[in-house]
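Scroll down for the structure; my scribbles are underneath it.
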Amino acid sequence: MTKLTDPIRAGAWALAAGLLVAAAGPAMAQTAEPIKIGAVLCLTGPGAGLGQAERNGIQLAEEAINDAGGVGGRPIKVLIEDDGSKPDIAKQKAEGLIFNDKVVAVIGGSLTASTGAIAALTNAEEMAEVALTGLGPAVELTYKSLYHVLPPQSLNAKAMLEYTKANKLKKIGVLHDSGYGQLVFSNLKTMAASYGVEFVAVEKFEVGASDVSTQAAKVRAAEPEAVYVIATSPVPFRSARQVKITQPIISAIGSSAYDYVRGMGEFGDDIVFPEFLVGEDPEPQQKAFVELYKKTYGALPKNYEAAGWDAVNIVAQAIAKAGPNADRQAIAQAMRQPFKGVLANYDFSAADLTGIDLSSYVFSKLVKGQFTRLPFKVGS
Amino acid sequence: MTTTLFIQSLLAGLTNGFVYGLIGLGISVIFRGTRVVNAMQGDFALVAGIAACLALDWLGLPIAVGFLGGIIAGALVGWAVELLLIRPTQARGGSEDSLLLVTLGGAFAVSAAALLYFGRDSRSMPGFGGNRSLDVFDAAIRVHAVWLIAIAIVVVVALRLFYQRTPLGQSILAASIDPEGAATIGINVPRMRTLTFMLGGAVGGVAGVLVSPLITIHYEMGLLLTLKGFTAAIVGGLGNPFGAIMGGLLLGLVEAMAIVFVSSGYKDVIAMSLLILIMIAMPNGLLGRRGRVGG
Amino acid sequence: MSVEPIRAPAAALLTHRHLRRLVGATLALAGIAIWAALPQVLSRGTVDLLVFTALYAIAGLGVAFLLGQCGIVSLAQSVFYGIGAYATAYCCTTWGWPWYAALVIGMVISGATALVIGWPVLRLSGYFLALATLALATIGHVLFLEWDWLTGGTLGVGGIPQISLFGLVLNTPQKFYYFIWPLAALIYWLLYNLLHSRSGYAMRAMRDAPAAALVLGIDVHKLKVRIFVLSALLGSLAGSLFANYVSFVSVDSFGVDRAVSFLLLAVVGGAQSVIGPLFGAAFVTLVPNLLSRVGDVHPLLFAGVLVVAVIFLPQGMGGLVTTLWRRLWPPAPPAPGSGT
């Protein structure tokens with residue numbers, strides 16, 4: 001079966017590679033066998049907003065690295081697979097990439113569940129998995145070859161609380177969804193007291209809810225000084241403003257995407273995001289990436305595009321360090337070092353498998369649908 | 001609990017109830033005319049929402065015209081579904097489950113196509129009265145939501161009159177209740193079924209253009225709306241247009257009250273458990289036996 | 001396939017029956033040979049898909065049995081699949097139980113849940129019942145999310161140990177394949193026998209002529225509850241094995257979409273034939289995987305293939321196979337005195 005379809009796949013990749021060559025021009029005149037890297041992303045299904053953004057960053061990085069001569073004289077090739085936002089399919093795709101295509105490392109998944117399903121495989125093979133998510137279940141801490149390019153939710157929670165404390169806000173209402181929002185909130189809950197923050201109302205809603213105005217009204221009735229809205233959807237932001245929550249909204253990185261901002265419409269106002277990349281006003285080390293991205297795609301990148309870009313570069317750097325013909329285990333171990341990325345400064349030898357600290361965060365404010373970077377930095 | 005909160009939750013329950021009811025209405029229209037449970041009713045709404053959004057964004061048409069375009073798009077999709085999915089399935093002797101499944105396949109297709117061609121963004125769309133809200137004891141309801149409720153009521157009443165008073169409506173019912181008998185008295189049964197789907201598509205279109213300004217357009221919204229609408233239609237009684245609205249209101253209000261008085265995390269558990277209890281306690285639907293069996 | 005005309009009718013019957021059995025046995029042997037050879041020939045990724053096919057075939061068989069034998073549309077299978085998976089995840093990681101103990105616990109909980117819920121709910125019928133099972137799936141999904149002390153919520157549970165059989169750890173798709181497929185075959189054989197037993201005839205009477213079934217003294221409600229429990233047990237079994245196999249579970253695997261895919265599997269495969277869900281499981285596992293090579297358009301293509309399959313195979317793929325088989329080798333009337 002696989003043998004039968006291999007020509008199809010080869011053809012598709014040849015086509016993709018051909019397009020890339022055409023785009024890259026004569027710079028990609030390498031003849032060496034490419035180094036294969038796998039990526040399992042959510043390109044369709046509910047997580048498509050993450051996966052498609054990540055794919056843009058990944059393909060951009062692939063092209064840039066090959067334009068610059070590849071890694072150790074060999075070009076790289078990222079084989080991207082879609083898991084349809086389902087962990088079972090993520091596992092199936094990872095099997096194919098690891099054992100059929102013999103990739104040297106896996107990038108992904110886009111969702112915590114996909115990451116976990118893939119990690120069971122990469123851990124057994126002791127090969128690198130560069131996850132585009134935050135830290136998953138505690139068992140991941142025992143894994144020796146799993147790395148995360150996004151911070152654990154405890155750090156996201158800390159960033160929110162730091163901003164809250166700096167602005168002397170104490171009584172907070174919370175509106176969060178049962179997926180991503182629940183993860184961040186459970187961390188907020190354990191740390192709130194140490195920041196002098198009290199949650200006066202906490203309301204939850206299901207992922208994909210089409211209206212949360214009752215929950216928002218309950219939050220409003222508790223008269224908070226500010227409201228945390230944490231969700232992967234524009235709906236709660238709309239509902240909050242519609243039921244006349246006029247207080248400042250503080251959100252989390254997962255809600256910071258143009259996809260959602262477009263859905264917020266005119267309700268996307270006075271919302272603060274602790275995040276990493278504000279394309280409208282990037283930090284110095286981010287400028288080159290933002291320019292390149294803008295030139296290629298005609299749009300501004302956000303966090304997940306940068307995460308995809310960083311993931312490829314992390315793998316490429318590890319291959320360069322271990323040698324272009326190194327085996328998977330060697331590449332995975334070569335990754336255990338600090339890495340200065342576009343999204344953040346990582347240290348993959350850290351216990352939390354990412355090494356991001358609060359200094360990498362930037363804070364942006366959405367005013368009438370436009371992101372502006374705030375001068376605030378943690379510790380400043 | 002403050003009065004504002006109570007009123008706000010009532011308003012939210014009411015609005016959501018009519019949203020669910022409108023989707024359920026389309027399901028019940030199609031069931032009434034063809035005995036098919038249509039799993040892509042929410043996707044009719046999605047298509048209509050996208051069509052209206054494009055008409056407003058690209059062509060810069062006035063809101064009412066854009067909405068009309070959306071409704072027409074819904075009717076056209078209904079027509080296409082009957083022609084391409086329902087008719088061939090029935091011609092080959094497909095069972096009820098097969099019919100449910102082809103429409104489910106259609107729903108997958110619409111959602112996938114929306115992601116592919118319309119994009120992964122959520123899109124906000126202007127509604128009647130812009131973003132203005134009315135104040136009711138310090139609680140707020142969007143002007144557009146009031147329009148939604150009013151139009152929903154008009155649509156239900158119009159449907160009722162259509163089935164009771166017009167020859168076409170009577171023919172549609174006759175074709176559904178007794179296809180062979182209807183054919184012998186000269187009713188074109190296949191055409192009635194096509195018309196039913198177009199009508200259902202148009203009702204889905206009405207729902208789509210009215211709902212989109214409230215909840216934003218998103219490629220995943222179709223099936224979620226269908227699930228709520230299905231619940232509304234079944235609880236209220238599949239055969240009665242009023243039933244779907246009643247069922248929708250019940251569901252919307254129960255959800256809102258569950259959030260206010262119990263816990264937002266368990267909202268769906270409460271609403272769904274109550275639903276099962278209602279079905280067991282009232283095996284004939286909210287509107288009684290005639291209501292459920294319909295026609 | 002020219003069978004020489006034989007004069008004596010009894011001899012003809014005998015020959016026909018024997019020939020039919022012979023061909024059946026040959027096909028079965030060839031099938032087993034091919035089955036045993038597949039993991040040696042196919043790549044690991046493809047064998048992995050075949051393992052998932054078997055898992056879904058077991059869970060889907062429960063749904064198909066309800067649909068085909070009782071006419072019940074169940075959208076609640078994701079709940080039992082989830083209960084099995086979480087029982088295994090929790091018992092194996094928190095308490096370090098062996099896999100089979102966790103599997104049994106999962107099945108006990110699933111069976112009990114199905115009994116308690118099924119008793120009142122199965123009094124409903126038609127669309128009410130379909131909606132009630134949908135409501136159960138929703139409730140199950142919410143509870144899986146809310147009880148995160150047990151299920152890990154969105155994070156999930158990782159590090160679930162793999163199945164160890166007499167010291168052999170089933171840690172590759174190939175090894176698991178040789179474990180899961182005989183198990184699936186055993187279950188299919190058991191259900192096939194059940195269908196051709198007294199209870200099987202009672203079920204068919206209930207489905208095709210409920211009034212007559214009542215007259216015959218068949219307790220329809222009790223029978224329905226029994227089948228519902230059986231269906232739940234199959235779902236739970238598949239869920240437990242899924243957890244052991246993937247060694248990671250998360251709430252994303254037990255949503256309403258999973259329940260829909262089990263139902264889809266049953267209908268596409270053909271709920272009336274026992275073998276049908278097997279084809280259905282292969283369909284929902286292999287087809288999306290093949291299509292996904294085309295690019296982002298693949299979910300649209302899958303929807304198209306699904307619709308075409310449902311339209312052109314109203315009896316499902318199992319129905320097609322049964323029809324073909326019957327056409328090639330029509331069953332002879334039972335020999336006089338054979339007393340089946």
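Chain identifiers are assigned as A, B, and so on, following the order in which chains appear in the structure tokens; residues are numbered from 1 within each chain, and ligands are numbered from 1 in order of appearance.
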
Taking only C-alpha atoms into account and nothing else, which residues of chain A lie no more than 10 Å away from chain B? Please answer as a PyMOL selection string.
chain A and resi 43-50+52-53+177-178+202-206+208-222+233-236+238-239+242-244+257-267

Find the residues of chain A in contact range of chain C, meaning any atom within 9 Å when counting only C-alpha atoms, and list them as a ChimeraX atom specification.
/A:1-3,5,8-9,12,43-45,81-89,91-100,112-114,116-121,135-140,178-180,182-183,206

Could you please tell me, as a PDB file with N, CA and C atoms, in the first residue's frame, which residues of chain C have an atom within 10 Å of chain B when using only C-alpha atoms?
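Result saved to selection.pdb:
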```pdb
ATOM      1  N   LEU C  67     -27.393  -0.645  15.876  1.00  0.00           N
ATOM      2  CA  LEU C  67     -28.091  -0.093  14.725  1.00  0.00           C
ATOM      3  C   LEU C  67     -28.700  -1.197  13.870  1.00  0.00           C
ATOM      4  N   GLY C  71     -32.045  -1.319  15.487  1.00  0.00           N
ATOM      5  CA  GLY C  71     -32.458  -0.068  14.861  1.00  0.00           C
ATOM      6  C   GLY C  71     -32.222   1.142  15.754  1.00  0.00           C
ATOM      7  N   VAL C  73     -29.940   4.222  16.841  1.00  0.00           N
ATOM      8  CA  VAL C  73     -28.816   5.074  16.450  1.00  0.00           C
ATOM      9  C   VAL C  73     -28.129   5.539  17.723  1.00  0.00           C
ATOM     10  N   PRO C 120     -33.527   3.609  31.759  1.00  0.00           N
ATOM     11  CA  PRO C 120     -34.559   4.608  31.438  1.00  0.00           C
ATOM     12  C   PRO C 120     -34.507   5.092  29.987  1.00  0.00           C
ATOM     13  N   VAL C 121     -33.309   5.332  29.481  1.00  0.00           N
ATOM     14  CA  VAL C 121     -33.201   5.989  28.180  1.00  0.00           C
ATOM     15  C   VAL C 121     -33.713   5.110  27.041  1.00  0.00           C
ATOM     16  N   LEU C 122     -33.529   3.806  27.159  1.00  0.00           N
ATOM     17  CA  LEU C 122     -33.938   2.938  26.059  1.00  0.00           C
ATOM     18  C   LEU C 122     -35.454   2.751  25.992  1.00  0.00           C
ATOM     19  N   ARG C 123     -36.176   3.398  26.912  1.00  0.00           N
ATOM     20  CA  ARG C 123     -37.634   3.433  26.757  1.00  0.00           C
ATOM     21  C   ARG C 123     -37.997   4.373  25.622  1.00  0.00           C
ATOM     22  N   LEU C 124     -37.072   5.277  25.300  1.00  0.00           N
ATOM     23  CA  LEU C 124     -37.307   6.186  24.185  1.00  0.00           C
ATOM     24  C   LEU C 124     -37.075   5.436  22.888  1.00  0.00           C
ATOM     25  N   SER C 125     -37.554   6.045  21.803  1.00  0.00           N
ATOM     26  CA  SER C 125     -37.291   5.401  20.517  1.00  0.00           C
ATOM     27  C   SER C 125     -37.105   6.458  19.457  1.00  0.00           C
ATOM     28  N   TYR C 127     -36.037   9.260  16.953  1.00  0.00           N
ATOM     29  CA  TYR C 127     -35.161  10.421  17.059  1.00  0.00           C
ATOM     30  C   TYR C 127     -34.933  10.852  18.498  1.00  0.00           C
ATOM     31  N   PHE C 128     -35.921  10.600  19.369  1.00  0.00           N
ATOM     32  CA  PHE C 128     -35.732  10.904  20.785  1.00  0.00           C
ATOM     33  C   PHE C 128     -34.533  10.148  21.325  1.00  0.00           C
ATOM     34  N   LEU C 129     -34.469   8.880  20.972  1.00  0.00           N
ATOM     35  CA  LEU C 129     -33.373   8.053  21.470  1.00  0.00           C
ATOM     36  C   LEU C 129     -32.041   8.524  20.891  1.00  0.00           C
ATOM     37  N   ALA C 130     -32.047   8.849  19.591  1.00  0.00           N
ATOM     38  CA  ALA C 130     -30.815   9.338  18.965  1.00  0.00           C
ATOM     39  C   ALA C 130     -30.344  10.599  19.683  1.00  0.00           C
ATOM     40  N   LEU C 131     -31.303  11.486  19.958  1.00  0.00           N
ATOM     41  CA  LEU C 131     -30.949  12.735  20.637  1.00  0.00           C
ATOM     42  C   LEU C 131     -30.458  12.461  22.058  1.00  0.00           C
ATOM     43  N   ALA C 132     -31.095  11.500  22.727  1.00  0.00           N
ATOM     44  CA  ALA C 132     -30.677  11.176  24.092  1.00  0.00           C
ATOM     45  C   ALA C 132     -29.242  10.663  24.106  1.00  0.00           C
ATOM     46  N   THR C 133     -28.887   9.836  23.118  1.00  0.00           N
ATOM     47  CA  THR C 133     -27.506   9.340  23.094  1.00  0.00           C
ATOM     48  C   THR C 133     -26.536  10.470  22.759  1.00  0.00           C
ATOM     49  N   LEU C 134     -26.988  11.393  21.911  1.00  0.00           N
ATOM     50  CA  LEU C 134     -26.155  12.561  21.614  1.00  0.00           C
ATOM     51  C   LEU C 134     -25.935  13.378  22.886  1.00  0.00           C
ATOM     52  N   ALA C 135     -27.017  13.523  23.661  1.00  0.00           N
ATOM     53  CA  ALA C 135     -26.911  14.258  24.923  1.00  0.00           C
ATOM     54  C   ALA C 135     -25.933  13.554  25.857  1.00  0.00           C
ATOM     55  N   LEU C 136     -25.969  12.225  25.873  1.00  0.00           N
ATOM     56  CA  LEU C 136     -25.037  11.472  26.719  1.00  0.00           C
ATOM     57  C   LEU C 136     -23.589  11.725  26.295  1.00  0.00           C
ATOM     58  N   ALA C 137     -23.371  11.758  24.971  1.00  0.00           N
ATOM     59  CA  ALA C 137     -22.013  12.010  24.481  1.00  0.00           C
ATOM     60  C   ALA C 137     -21.530  13.381  24.947  1.00  0.00           C
ATOM     61  N   THR C 138     -22.441  14.368  24.879  1.00  0.00           N
ATOM     62  CA  THR C 138     -22.078  15.716  25.321  1.00  0.00           C
ATOM     63  C   THR C 138     -21.751  15.722  26.802  1.00  0.00           C
ATOM     64  N   ILE C 139     -22.614  15.085  27.586  1.00  0.00           N
ATOM     65  CA  ILE C 139     -22.397  15.041  29.038  1.00  0.00           C
ATOM     66  C   ILE C 139     -21.062  14.355  29.341  1.00  0.00           C
ATOM     67  N   GLY C 140     -20.827  13.223  28.668  1.00  0.00           N
ATOM     68  CA  GLY C 140     -19.580  12.497  28.889  1.00  0.00           C
ATOM     69  C   GLY C 140     -18.373  13.365  28.605  1.00  0.00           C
ATOM     70  N   HIS C 141     -18.423  14.084  27.490  1.00  0.00           N
ATOM     71  CA  HIS C 141     -17.288  14.919  27.120  1.00  0.00           C
ATOM     72  C   HIS C 141     -17.042  16.013  28.158  1.00  0.00           C
ATOM     73  N   VAL C 142     -18.118  16.624  28.630  1.00  0.00           N
ATOM     74  CA  VAL C 142     -17.966  17.678  29.645  1.00  0.00           C
ATOM     75  C   VAL C 142     -17.368  17.095  30.929  1.00  0.00           C
ATOM     76  N   LEU C 143     -17.871  15.936  31.337  1.00  0.00           N
ATOM     77  CA  LEU C 143     -17.360  15.345  32.580  1.00  0.00           C
ATOM     78  C   LEU C 143     -15.891  14.941  32.432  1.00  0.00           C
ATOM     79  N   LEU C 145     -13.767  16.464  30.779  1.00  0.00           N
ATOM     80  CA  LEU C 145     -13.020  17.714  30.917  1.00  0.00           C
ATOM     81  C   LEU C 145     -12.993  18.194  32.366  1.00  0.00           C
ATOM     82  N   GLU C 146     -14.156  18.110  33.017  1.00  0.00           N
ATOM     83  CA  GLU C 146     -14.278  18.701  34.356  1.00  0.00           C
ATOM     84  C   GLU C 146     -13.531  17.890  35.409  1.00  0.00           C
ATOM     85  N   ASP C 257     -17.377  14.189  18.035  1.00  0.00           N
ATOM     86  CA  ASP C 257     -16.916  13.818  16.694  1.00  0.00           C
ATOM     87  C   ASP C 257     -16.471  12.355  16.647  1.00  0.00           C
ATOM     88  N   VAL C 260     -19.582  10.348  16.364  1.00  0.00           N
ATOM     89  CA  VAL C 260     -20.089  10.432  14.994  1.00  0.00           C
ATOM     90  C   VAL C 260     -19.280   9.507  14.084  1.00  0.00           C
ATOM     91  N   LEU C 263     -20.425   5.987  14.418  1.00  0.00           N
ATOM     92  CA  LEU C 263     -21.705   5.755  13.744  1.00  0.00           C
ATOM     93  C   LEU C 263     -21.497   5.674  12.230  1.00  0.00           C
ATOM     94  N   LEU C 264     -20.659   6.587  11.753  1.00  0.00           N
ATOM     95  CA  LEU C 264     -20.335   6.645  10.329  1.00  0.00           C
ATOM     96  C   LEU C 264     -19.748   5.310   9.863  1.00  0.00           C
ATOM     97  N   ALA C 266     -20.222   2.443  11.200  1.00  0.00           N
ATOM     98  CA  ALA C 266     -21.241   1.401  11.186  1.00  0.00           C
ATOM     99  C   ALA C 266     -22.098   1.485   9.927  1.00  0.00           C
ATOM    100  N   VAL C 267     -22.465   2.701   9.537  1.00  0.00           N
ATOM    101  CA  VAL C 267     -23.352   2.837   8.384  1.00  0.00           C
ATOM    102  C   VAL C 267     -22.605   2.567   7.090  1.00  0.00           C
ATOM    103  N   VAL C 268     -21.407   3.146   6.958  1.00  0.00           N
ATOM    104  CA  VAL C 268     -20.636   2.926   5.729  1.00  0.00           C
ATOM    105  C   VAL C 268     -20.279   1.452   5.593  1.00  0.00           C
ATOM    106  N   GLY C 270     -21.924  -1.019   6.915  1.00  0.00           N
ATOM    107  CA  GLY C 270     -23.116  -1.849   6.778  1.00  0.00           C
ATOM    108  C   GLY C 270     -23.427  -2.512   8.101  1.00  0.00           C
ATOM    109  N   ASP C 296      -4.310  20.370   1.690  1.00  0.00           N
ATOM    110  CA  ASP C 296      -5.330  20.877   2.607  1.00  0.00           C
ATOM    111  C   ASP C 296      -6.753  20.586   2.161  1.00  0.00           C
ATOM    112  N   VAL C 297      -6.922  20.180   0.912  1.00  0.00           N
ATOM    113  CA  VAL C 297      -8.272  19.945   0.401  1.00  0.00           C
ATOM    114  C   VAL C 297      -8.799  18.592   0.896  1.00  0.00           C
ATOM    115  N   HIS C 298      -7.976  17.828   1.622  1.00  0.00           N
ATOM    116  CA  HIS C 298      -8.360  16.444   1.901  1.00  0.00           C
ATOM    117  C   HIS C 298      -9.651  16.256   2.705  1.00  0.00           C
ATOM    118  N   PRO C 299      -9.984  17.114   3.684  1.00  0.00           N
ATOM    119  CA  PRO C 299     -11.262  16.865   4.372  1.00  0.00           C
ATOM    120  C   PRO C 299     -12.459  16.996   3.429  1.00  0.00           C
ATOM    121  N   LEU C 300     -12.326  17.890   2.456  1.00  0.00           N
ATOM    122  CA  LEU C 300     -13.389  18.071   1.468  1.00  0.00           C
ATOM    123  C   LEU C 300     -13.519  16.809   0.619  1.00  0.00           C
ATOM    124  N   LEU C 301     -12.386  16.269   0.213  1.00  0.00           N
ATOM    125  CA  LEU C 301     -12.406  15.040  -0.576  1.00  0.00           C
ATOM    126  C   LEU C 301     -13.004  13.890   0.232  1.00  0.00           C
ATOM    127  N   PHE C 302     -12.622  13.815   1.511  1.00  0.00           N
ATOM    128  CA  PHE C 302     -13.149  12.733   2.346  1.00  0.00           C
ATOM    129  C   PHE C 302     -14.666  12.823   2.433  1.00  0.00           C
ATOM    130  N   ALA C 303     -15.165  14.043   2.639  1.00  0.00           N
ATOM    131  CA  ALA C 303     -16.618  14.216   2.689  1.00  0.00           C
ATOM    132  C   ALA C 303     -17.244  13.718   1.394  1.00  0.00           C
ATOM    133  N   GLY C 304     -16.598  14.032   0.266  1.00  0.00           N
ATOM    134  CA  GLY C 304     -17.102  13.594  -1.027  1.00  0.00           C
ATOM    135  C   GLY C 304     -17.118  12.075  -1.138  1.00  0.00           C
ATOM    136  N   VAL C 305     -16.019  11.458  -0.751  1.00  0.00           N
ATOM    137  CA  VAL C 305     -15.930   9.994  -0.825  1.00  0.00           C
ATOM    138  C   VAL C 305     -16.991   9.361   0.073  1.00  0.00           C
ATOM    139  N   LEU C 306     -17.155   9.950   1.255  1.00  0.00           N
ATOM    140  CA  LEU C 306     -18.146   9.442   2.204  1.00  0.00           C
ATOM    141  C   LEU C 306     -19.545   9.470   1.592  1.00  0.00           C
ATOM    142  N   VAL C 307     -19.900  10.619   1.005  1.00  0.00           N
ATOM    143  CA  VAL C 307     -21.230  10.765   0.415  1.00  0.00           C
ATOM    144  C   VAL C 307     -21.422   9.751  -0.714  1.00  0.00           C
ATOM    145  N   VAL C 308     -20.415   9.639  -1.567  1.00  0.00           N
ATOM    146  CA  VAL C 308     -20.518   8.701  -2.692  1.00  0.00           C
ATOM    147  C   VAL C 308     -20.682   7.265  -2.171  1.00  0.00           C
ATOM    148  N   ALA C 309     -19.907   6.931  -1.141  1.00  0.00           N
ATOM    149  CA  ALA C 309     -19.991   5.574  -0.594  1.00  0.00           C
ATOM    150  C   ALA C 309     -21.388   5.301  -0.041  1.00  0.00           C
ATOM    151  N   VAL C 310     -21.950   6.272   0.668  1.00  0.00           N
ATOM    152  CA  VAL C 310     -23.271   6.054   1.259  1.00  0.00           C
ATOM    153  C   VAL C 310     -24.340   5.945   0.167  1.00  0.00           C
ATOM    154  N   ILE C 311     -24.205   6.802  -0.858  1.00  0.00           N
ATOM    155  CA  ILE C 311     -25.220   6.789  -1.915  1.00  0.00           C
ATOM    156  C   ILE C 311     -25.179   5.469  -2.697  1.00  0.00           C
ATOM    157  N   PHE C 312     -23.975   5.045  -3.050  1.00  0.00           N
ATOM    158  CA  PHE C 312     -23.882   3.891  -3.939  1.00  0.00           C
ATOM    159  C   PHE C 312     -23.903   2.546  -3.220  1.00  0.00           C
ATOM    160  N   LEU C 313     -23.695   2.560  -1.907  1.00  0.00           N
ATOM    161  CA  LEU C 313     -23.752   1.304  -1.161  1.00  0.00           C
ATOM    162  C   LEU C 313     -24.770   1.423  -0.033  1.00  0.00           C
ATOM    163  N   PRO C 314     -26.044   1.431  -0.369  1.00  0.00           N
ATOM    164  CA  PRO C 314     -27.055   1.628   0.672  1.00  0.00           C
ATOM    165  C   PRO C 314     -26.997   0.557   1.764  1.00  0.00           C
ATOM    166  N   GLN C 315     -26.495  -0.626   1.423  1.00  0.00           N
ATOM    167  CA  GLN C 315     -26.369  -1.682   2.434  1.00  0.00           C
ATOM    168  C   GLN C 315     -24.993  -1.666   3.079  1.00  0.00           C
ATOM    169  N   GLY C 316     -24.184  -0.670   2.733  1.00  0.00           N
ATOM    170  CA  GLY C 316     -22.837  -0.604   3.280  1.00  0.00           C
ATOM    171  C   GLY C 316     -21.888  -1.513   2.532  1.00  0.00           C
TER     172      GLY C 316
END
```

Would you kindly return, as a PDB file with all heavy atoms, in the first residue's frame, each protein, DNA or RNA residue with an atom no farther than 10 Å from any atom of Val157 of chain B, considering only C-alpha atoms and excluding same-chain residues fewer than 5 positions away?
```
ATOM      1  N   ILE B 151     -37.925  38.809  13.645  1.00  0.00           N
ATOM      2  CA  ILE B 151     -37.979  38.137  12.343  1.00  0.00           C
ATOM      3  C   ILE B 151     -38.277  36.645  12.523  1.00  0.00           C
ATOM      4  O   ILE B 151     -39.044  36.052  11.754  1.00  0.00           O
ATOM      5  CB  ILE B 151     -36.665  38.358  11.566  1.00  0.00           C
ATOM      6  CG1 ILE B 151     -36.530  39.851  11.234  1.00  0.00           C
ATOM      7  CG2 ILE B 151     -36.637  37.535  10.283  1.00  0.00           C
ATOM      8  CD1 ILE B 151     -35.240  40.234  10.571  1.00  0.00           C
ATOM      9  N   ALA B 152     -37.698  36.052  13.562  1.00  0.00           N
ATOM     10  CA  ALA B 152     -37.955  34.632  13.810  1.00  0.00           C
ATOM     11  C   ALA B 152     -39.448  34.394  14.012  1.00  0.00           C
ATOM     12  O   ALA B 152     -40.026  33.448  13.468  1.00  0.00           O
ATOM     13  CB  ALA B 152     -37.165  34.151  15.019  1.00  0.00           C
ATOM     14  N   PHE B 162     -48.449  29.374   5.706  1.00  0.00           N
ATOM     15  CA  PHE B 162     -48.098  28.750   4.433  1.00  0.00           C
ATOM     16  C   PHE B 162     -48.610  27.305   4.381  1.00  0.00           C
ATOM     17  O   PHE B 162     -49.222  26.882   3.409  1.00  0.00           O
ATOM     18  CB  PHE B 162     -46.576  28.787   4.271  1.00  0.00           C
ATOM     19  CG  PHE B 162     -46.067  28.000   3.100  1.00  0.00           C
ATOM     20  CD1 PHE B 162     -46.271  28.441   1.803  1.00  0.00           C
ATOM     21  CD2 PHE B 162     -45.373  26.815   3.296  1.00  0.00           C
ATOM     22  CE1 PHE B 162     -45.792  27.714   0.726  1.00  0.00           C
ATOM     23  CE2 PHE B 162     -44.902  26.081   2.222  1.00  0.00           C
ATOM     24  CZ  PHE B 162     -45.114  26.527   0.930  1.00  0.00           C
ATOM     25  N   PRO B 241     -43.874  23.831  13.405  1.00  0.00           N
ATOM     26  CA  PRO B 241     -42.936  24.953  13.355  1.00  0.00           C
ATOM     27  C   PRO B 241     -42.783  25.649  14.712  1.00  0.00           C
ATOM     28  O   PRO B 241     -41.701  26.096  15.053  1.00  0.00           O
ATOM     29  CB  PRO B 241     -43.540  25.893  12.325  1.00  0.00           C
ATOM     30  CG  PRO B 241     -44.497  25.084  11.548  1.00  0.00           C
ATOM     31  CD  PRO B 241     -44.946  23.964  12.422  1.00  0.00           C
ATOM     32  N   PHE B 242     -43.899  25.745  15.453  1.00  0.00           N
ATOM     33  CA  PHE B 242     -43.787  26.395  16.751  1.00  0.00           C
ATOM     34  C   PHE B 242     -42.923  25.581  17.702  1.00  0.00           C
ATOM     35  O   PHE B 242     -42.281  26.111  18.588  1.00  0.00           O
ATOM     36  CB  PHE B 242     -45.178  26.593  17.379  1.00  0.00           C
ATOM     37  CG  PHE B 242     -45.899  27.762  16.799  1.00  0.00           C
ATOM     38  CD1 PHE B 242     -47.025  27.583  16.008  1.00  0.00           C
ATOM     39  CD2 PHE B 242     -45.452  29.048  17.032  1.00  0.00           C
ATOM     40  CE1 PHE B 242     -47.680  28.668  15.451  1.00  0.00           C
ATOM     41  CE2 PHE B 242     -46.106  30.132  16.483  1.00  0.00           C
ATOM     42  CZ  PHE B 242     -47.229  29.945  15.690  1.00  0.00           C
TER      43      PHE B 242
END
```

Test item: residues at most 12 Å from segment 318-324 of chain C, only C-alpha atoms, excluding those fewer than 5 positions along its chain, as a ChimeraX atom specification:
/C:64,68,265-283,309-310,312-313,329-331

Filtered DSSP result for segment 226-378 of chain A, state strand (DSSP E or B), as number ranges by chain
A: 226-230, 249-250, 271-275, 338-340, 345-347, 362-367, 370-373

Which residues come within 10 Å of Asp310 of chain A, counting only C-alpha atoms, excluding same-chain residues fewer than 4 positions away, as a VMD selection string?
chain A and resid 54 57 to 58 61 130 132 149 304 to 306 314 to 316 339 to 344

Within 8 Å of Lys171 of chain A, counting only C-alpha atoms, which residues show up once you throw out same-chain ones fewer than 3 positions away? Write them as a list in words, please.
Val197, Glu198, Phe199, Val200, Pro224, Glu225 and Ala226 of chain A

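Comparing B:Val203, B:Ala150, B:Ile172, B:Cys53 by their smallest distance to Asn188 of chain B, the closest is B:Ile172 (using only C-alpha atoms).
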
Fewer than 5 positions away in the same chain doesn't count, so skip those; otherwise give me all residues within 6 Å of Ala332 of chain A, counting only C-alpha atoms, as a count of residues only.
3

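When atom CA of Ile278 of chain B is paired with atom CA of Ile30 of chain B, their separation reads 23.9 Å.
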
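A straight line drawn from atom CA of Gly62 of chain C to atom CA of Phe228 of chain C is 8.0 Å long.
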